[in-house]
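For reference, the structure is listed below as structure tokens.
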Amino acid sequence: AQAMSLDVAIDLLGIAHLLDRSTGQLSGGERQRVAIARALATQPRLLLLDEPLASLDAARRQDILPWLERLRDELKIPMLYVTHSSDEVARLAETLVVLDAGKAKACGPVSQVLAATDASRVLGDDAGALLSATVAERDTRWQLSRVDFEGGSLWLRETGLALGRKVRERVLARDVSVTTLAPQQTSIQNVLQCVVQAITEDTHSSQALVQLVCGGSVLLARITARAVDALQLAPGRPVWAQIKTAALVE
């Protein structure tokens, strides 16, 4: 691969306007971008980012995430990203390794690992689906956008993204409920026909994680064990998933 010059790294991270400033005049996010550019200028074969946003507040994290996406999309250098933030994982990762007490508990494509019932014991409240989707329609009256994915579509709050834009869509297990009858007269606008694939006990015995197949996509619902029994849920059972909220992470 062609060596990366310092000038290319500066352009990639958008820091040319910072070069005349002293380090004391840089924000935390700007310092991180400068540090990454310096690392790239050494022409590494692998880039290790060890919790690069941990010291930043929420606003600064949102500032630097687009630059990290640019690194991911434009560099040909393997990147190993270490983080405790599931939001950063959902936005940046392609392959995810879940570690617990120094041991790998799950490894695979990020969408599969986040929605796997066994990994949920480590991910906790962050367990859920990560869907690859496309912005397909805009409802200007209600300020909503329809986002299509393999197996269905969801209406989300308008974000201004162009039609046809590829996005990642996150649906947490805690925001999904299950019904065996087609919902009617409900405030929940996003309802998807699914089939139960698996049911496992959650971290507390009162809760269960229900893995749902919706077309070519997988969702995860966290419901009570009593609800599983009352609805007589079992693998192969057709159901409707009611999604209270979902969010675009890219």
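Residues are referred to by chain and number: the chain letter is A, B, ... according to the order shown in the structure tokens, the number counts from 1 in that chain, and ligands are numbered separately from 1 in the order shown.
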Quick check for you: according to DSSP on this backbone, which residues of stretch 78-133 of chain A are classed as strand (DSSP E)? Reply as an mmCIF file with all heavy atoms, in the first residue's frame.
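Wrote part-v2.cif, looks like this:
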```
data_model
loop_
_atom_site.group_PDB
_atom_site.id
_atom_site.type_symbol
_atom_site.label_atom_id
_atom_site.label_comp_id
_atom_site.auth_asym_id
_atom_site.auth_seq_id
_atom_site.Cartn_x
_atom_site.Cartn_y
_atom_site.Cartn_z
ATOM 1 N N MET A 79 -8.172 -1.476 11.647
ATOM 2 C CA MET A 79 -8.344 -0.660 12.844
ATOM 3 C C MET A 79 -8.923 -1.521 13.962
ATOM 4 O O MET A 79 -9.949 -2.175 13.786
ATOM 5 C CB MET A 79 -9.273 0.521 12.557
ATOM 6 C CG MET A 79 -8.719 1.504 11.538
ATOM 7 S SD MET A 79 -9.951 2.741 11.020
ATOM 8 C CE MET A 79 -10.284 3.556 12.575
ATOM 9 N N LEU A 80 -8.249 -1.518 15.113
ATOM 10 C CA LEU A 80 -8.728 -2.212 16.303
ATOM 11 C C LEU A 80 -9.197 -1.148 17.285
ATOM 12 O O LEU A 80 -8.396 -0.347 17.776
ATOM 13 C CB LEU A 80 -7.611 -3.063 16.913
ATOM 14 C CG LEU A 80 -7.978 -3.874 18.160
ATOM 15 C CD1 LEU A 80 -9.082 -4.875 17.858
ATOM 16 C CD2 LEU A 80 -6.742 -4.590 18.699
ATOM 17 N N TYR A 81 -10.502 -1.135 17.559
ATOM 18 C CA TYR A 81 -11.118 -0.070 18.353
ATOM 19 C C TYR A 81 -11.601 -0.661 19.673
ATOM 20 O O TYR A 81 -12.453 -1.549 19.691
ATOM 21 C CB TYR A 81 -12.281 0.524 17.563
ATOM 22 C CG TYR A 81 -12.843 1.814 18.102
ATOM 23 C CD1 TYR A 81 -12.458 3.042 17.560
ATOM 24 C CD2 TYR A 81 -13.765 1.827 19.137
ATOM 25 C CE1 TYR A 81 -12.971 4.238 18.036
ATOM 26 C CE2 TYR A 81 -14.284 3.008 19.632
ATOM 27 C CZ TYR A 81 -13.886 4.222 19.075
ATOM 28 O OH TYR A 81 -14.396 5.405 19.557
ATOM 29 N N VAL A 82 -11.046 -0.161 20.773
ATOM 30 C CA VAL A 82 -11.390 -0.658 22.108
ATOM 31 C C VAL A 82 -12.325 0.347 22.774
ATOM 32 O O VAL A 82 -12.011 1.540 22.852
ATOM 33 C CB VAL A 82 -10.128 -0.842 22.969
ATOM 34 C CG1 VAL A 82 -10.492 -1.384 24.356
ATOM 35 C CG2 VAL A 82 -9.133 -1.768 22.275
ATOM 36 N N THR A 95 -16.748 -5.788 12.652
ATOM 37 C CA THR A 95 -16.647 -7.051 13.382
ATOM 38 C C THR A 95 -16.514 -6.728 14.861
ATOM 39 O O THR A 95 -15.756 -5.833 15.239
ATOM 40 C CB THR A 95 -15.429 -7.872 12.912
ATOM 41 O OG1 THR A 95 -15.573 -8.163 11.528
ATOM 42 C CG2 THR A 95 -15.309 -9.173 13.690
ATOM 43 N N LEU A 96 -17.246 -7.444 15.714
ATOM 44 C CA LEU A 96 -17.265 -7.157 17.147
ATOM 45 C C LEU A 96 -16.805 -8.375 17.940
ATOM 46 O O LEU A 96 -17.267 -9.494 17.703
ATOM 47 C CB LEU A 96 -18.679 -6.757 17.586
ATOM 48 C CG LEU A 96 -18.913 -6.563 19.091
ATOM 49 C CD1 LEU A 96 -18.037 -5.434 19.633
ATOM 50 C CD2 LEU A 96 -20.389 -6.262 19.365
ATOM 51 N N VAL A 97 -15.883 -8.142 18.880
ATOM 52 C CA VAL A 97 -15.479 -9.156 19.850
ATOM 53 C C VAL A 97 -15.918 -8.660 21.224
ATOM 54 O O VAL A 97 -15.522 -7.565 21.646
ATOM 55 C CB VAL A 97 -13.953 -9.391 19.838
ATOM 56 C CG1 VAL A 97 -13.573 -10.457 20.871
ATOM 57 C CG2 VAL A 97 -13.480 -9.792 18.449
ATOM 58 N N VAL A 98 -16.748 -9.433 21.917
ATOM 59 C CA VAL A 98 -17.210 -9.081 23.256
ATOM 60 C C VAL A 98 -16.319 -9.790 24.266
ATOM 61 O O VAL A 98 -16.208 -11.016 24.261
ATOM 62 C CB VAL A 98 -18.681 -9.492 23.463
ATOM 63 C CG1 VAL A 98 -19.122 -9.151 24.895
ATOM 64 C CG2 VAL A 98 -19.574 -8.788 22.457
ATOM 65 N N LEU A 99 -15.671 -9.007 25.146
ATOM 66 C CA LEU A 99 -14.780 -9.554 26.158
ATOM 67 C C LEU A 99 -15.398 -9.418 27.537
ATOM 68 O O LEU A 99 -16.018 -8.401 27.854
ATOM 69 C CB LEU A 99 -13.437 -8.819 26.133
ATOM 70 C CG LEU A 99 -12.604 -8.926 24.852
ATOM 71 C CD1 LEU A 99 -11.387 -8.011 24.941
ATOM 72 C CD2 LEU A 99 -12.176 -10.360 24.606
ATOM 73 N N ASP A 100 -15.212 -10.448 28.358
ATOM 74 C CA ASP A 100 -15.665 -10.418 29.742
ATOM 75 C C ASP A 100 -14.607 -11.116 30.581
ATOM 76 O O ASP A 100 -14.290 -12.285 30.351
ATOM 77 C CB ASP A 100 -17.021 -11.128 29.880
ATOM 78 C CG ASP A 100 -17.563 -11.049 31.298
ATOM 79 O OD1 ASP A 100 -17.265 -10.060 31.991
ATOM 80 O OD2 ASP A 100 -18.285 -11.981 31.720
ATOM 81 N N LYS A 103 -11.860 -12.803 28.631
ATOM 82 C CA LYS A 103 -12.181 -13.908 27.731
ATOM 83 C C LYS A 103 -13.194 -13.465 26.685
ATOM 84 O O LYS A 103 -14.120 -12.710 26.995
ATOM 85 C CB LYS A 103 -12.741 -15.101 28.522
ATOM 86 C CG LYS A 103 -11.737 -15.713 29.492
ATOM 87 C CD LYS A 103 -12.335 -16.926 30.202
ATOM 88 C CE LYS A 103 -11.325 -17.559 31.144
ATOM 89 N NZ LYS A 103 -11.891 -18.732 31.860
ATOM 90 N N ALA A 104 -13.002 -13.933 25.457
ATOM 91 C CA ALA A 104 -13.926 -13.595 24.376
ATOM 92 C C ALA A 104 -15.225 -14.380 24.546
ATOM 93 O O ALA A 104 -15.209 -15.609 24.567
ATOM 94 C CB ALA A 104 -13.291 -13.909 23.032
ATOM 95 N N LYS A 105 -16.332 -13.678 24.692
ATOM 96 C CA LYS A 105 -17.635 -14.307 24.867
ATOM 97 C C LYS A 105 -18.407 -14.412 23.554
ATOM 98 O O LYS A 105 -19.301 -15.243 23.427
ATOM 99 C CB LYS A 105 -18.467 -13.506 25.876
ATOM 100 C CG LYS A 105 -17.877 -13.485 27.277
ATOM 101 C CD LYS A 105 -17.828 -14.870 27.886
ATOM 102 C CE LYS A 105 -17.325 -14.828 29.317
ATOM 103 N NZ LYS A 105 -17.287 -16.173 29.932
ATOM 104 N N ALA A 106 -18.067 -13.569 22.596
ATOM 105 C CA ALA A 106 -18.733 -13.608 21.299
ATOM 106 C C ALA A 106 -17.865 -12.894 20.285
ATOM 107 O O ALA A 106 -17.119 -11.979 20.631
ATOM 108 C CB ALA A 106 -20.110 -12.948 21.381
ATOM 109 N N CYS A 107 -17.963 -13.320 19.041
ATOM 110 C CA CYS A 107 -17.183 -12.695 17.975
ATOM 111 C C CYS A 107 -17.902 -12.914 16.656
ATOM 112 O O CYS A 107 -18.386 -14.020 16.381
ATOM 113 C CB CYS A 107 -15.777 -13.294 17.917
ATOM 114 S SG CYS A 107 -14.763 -12.636 16.571
ATOM 115 N N GLY A 108 -18.003 -11.848 15.846
ATOM 116 C CA GLY A 108 -18.633 -11.982 14.548
ATOM 117 C C GLY A 108 -19.061 -10.636 14.008
ATOM 118 O O GLY A 108 -18.724 -9.586 14.578
ATOM 119 N N PRO A 109 -19.806 -10.619 12.891
ATOM 120 C CA PRO A 109 -20.342 -9.364 12.369
ATOM 121 C C PRO A 109 -21.109 -8.612 13.458
ATOM 122 O O PRO A 109 -21.857 -9.221 14.231
ATOM 123 C CB PRO A 109 -21.265 -9.821 11.232
ATOM 124 C CG PRO A 109 -20.704 -11.150 10.818
ATOM 125 C CD PRO A 109 -20.199 -11.785 12.078
ATOM 126 N N GLY A 128 -29.510 -5.583 21.436
ATOM 127 C CA GLY A 128 -30.540 -5.204 20.474
ATOM 128 C C GLY A 128 -30.056 -5.386 19.055
ATOM 129 O O GLY A 128 -28.942 -5.868 18.815
ATOM 130 N N ALA A 129 -30.895 -4.990 18.129
ATOM 131 C CA ALA A 129 -30.593 -5.174 16.710
ATOM 132 C C ALA A 129 -29.861 -3.964 16.145
ATOM 133 O O ALA A 129 -30.074 -2.826 16.568
ATOM 134 C CB ALA A 129 -31.884 -5.406 15.928
ATOM 135 N N LEU A 130 -28.989 -4.237 15.172
ATOM 136 C CA LEU A 130 -28.359 -3.191 14.375
ATOM 137 C C LEU A 130 -28.653 -3.525 12.922
ATOM 138 O O LEU A 130 -28.195 -4.546 12.407
ATOM 139 C CB LEU A 130 -26.851 -3.148 14.631
ATOM 140 C CG LEU A 130 -26.088 -2.025 13.923
ATOM 141 C CD1 LEU A 130 -26.556 -0.661 14.441
ATOM 142 C CD2 LEU A 130 -24.591 -2.187 14.119
ATOM 143 N N LEU A 131 -29.466 -2.695 12.271
ATOM 144 C CA LEU A 131 -29.964 -2.985 10.933
ATOM 145 C C LEU A 131 -29.280 -2.105 9.891
ATOM 146 O O LEU A 131 -29.117 -0.899 10.104
ATOM 147 C CB LEU A 131 -31.480 -2.749 10.877
ATOM 148 C CG LEU A 131 -32.323 -3.473 11.933
ATOM 149 C CD1 LEU A 131 -33.763 -2.991 11.869
ATOM 150 C CD2 LEU A 131 -32.244 -4.981 11.751
ATOM 151 N N SER A 132 -28.889 -2.709 8.786
ATOM 152 C CA SER A 132 -28.378 -1.944 7.645
ATOM 153 C C SER A 132 -29.576 -1.491 6.826
ATOM 154 O O SER A 132 -30.386 -2.322 6.385
ATOM 155 C CB SER A 132 -27.452 -2.811 6.795
ATOM 156 O OG SER A 132 -26.313 -3.203 7.546
ATOM 157 N N ALA A 133 -29.711 -0.198 6.628
ATOM 158 C CA ALA A 133 -30.942 0.331 6.041
ATOM 159 C C ALA A 133 -30.644 1.448 5.048
ATOM 160 O O ALA A 133 -29.506 1.886 4.877
ATOM 161 C CB ALA A 133 -31.859 0.845 7.154
#
```
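All residues of protein, DNA or RNA that reach within 9 Å of A:Gln143, judged by only C-alpha atoms and not counting those fewer than 5 positions away in the chain, are Arg138, Leu156, Arg157, Glu158 and Thr159 of chain A.
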Going by DSSP on the backbone, which residues of stretch 101-246 of chain A come out as helix (DSSP H, G or I)? List them as number ranges by chain.
A: 110-114, 120-126, 173-175, 225-230
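With only C-alpha atoms as the atoms that count, the minimum distance from A:Ile199 to the choices A:Arg174, A:Arg38, A:Lys244, A:Arg237 is reached by A:Arg237.
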Using only C-alpha atoms, the best pick from A:Ala58, A:Leu154, A:Val249, A:Val34 as closest to A:His17 would be A:Val34
Compile the contact shell of A:Leu47 as a ChimeraX atom specification: residues with an atom at most 12 Å away, counting only C-alpha atoms, same-chain residues fewer than 3 positions apart removed.
/A:35-44,50,52,68,71-72,75-82
Could you pull the residues within 12 Å of A:Ala127, counting only C-alpha atoms, minus those fewer than 4 positions along the same chain, as a ChimeraX atom specification?
/A:86-87,89-90,98,110-123,170-176,202-203,209-211,219-222
Determine the nearest neighbour of A:Glu51 from the options A:Ser153, A:Ser205, A:Gln25, A:Ser85, counting only C-alpha atoms.
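Among the listed residues, A:Ser85 lies closest to A:Glu51.
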At a cut-off of 10 Å, using only C-alpha atoms, what residues contact A:Ala136? Leave out same-chain residues fewer than 5 positions from it and give the result as a list of chain:residue names.
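Counting only the stated atoms, we get A:Ser145, A:Arg146, A:Val147, A:Asp148, A:Phe149, A:Ser153, A:Ala162, A:Leu163, A:Gly164, A:Arg165, A:Lys166.
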Applying 8 Å and only C-alpha atoms, which residues near A:Ala198 remain after dropping the ones on its own chain fewer than 2 positions away? List them as a ChimeraX atom specification.
/A:196,200,210-212,234-235
Residue nearest A:Leu56 among A:Gln32, A:Glu74, A:Gln184, A:Asp229 (counting only C-alpha atoms):
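Nearest candidate to A:Leu56 out of A:Gln32, A:Glu74, A:Gln184, A:Asp229: A:Gln32.
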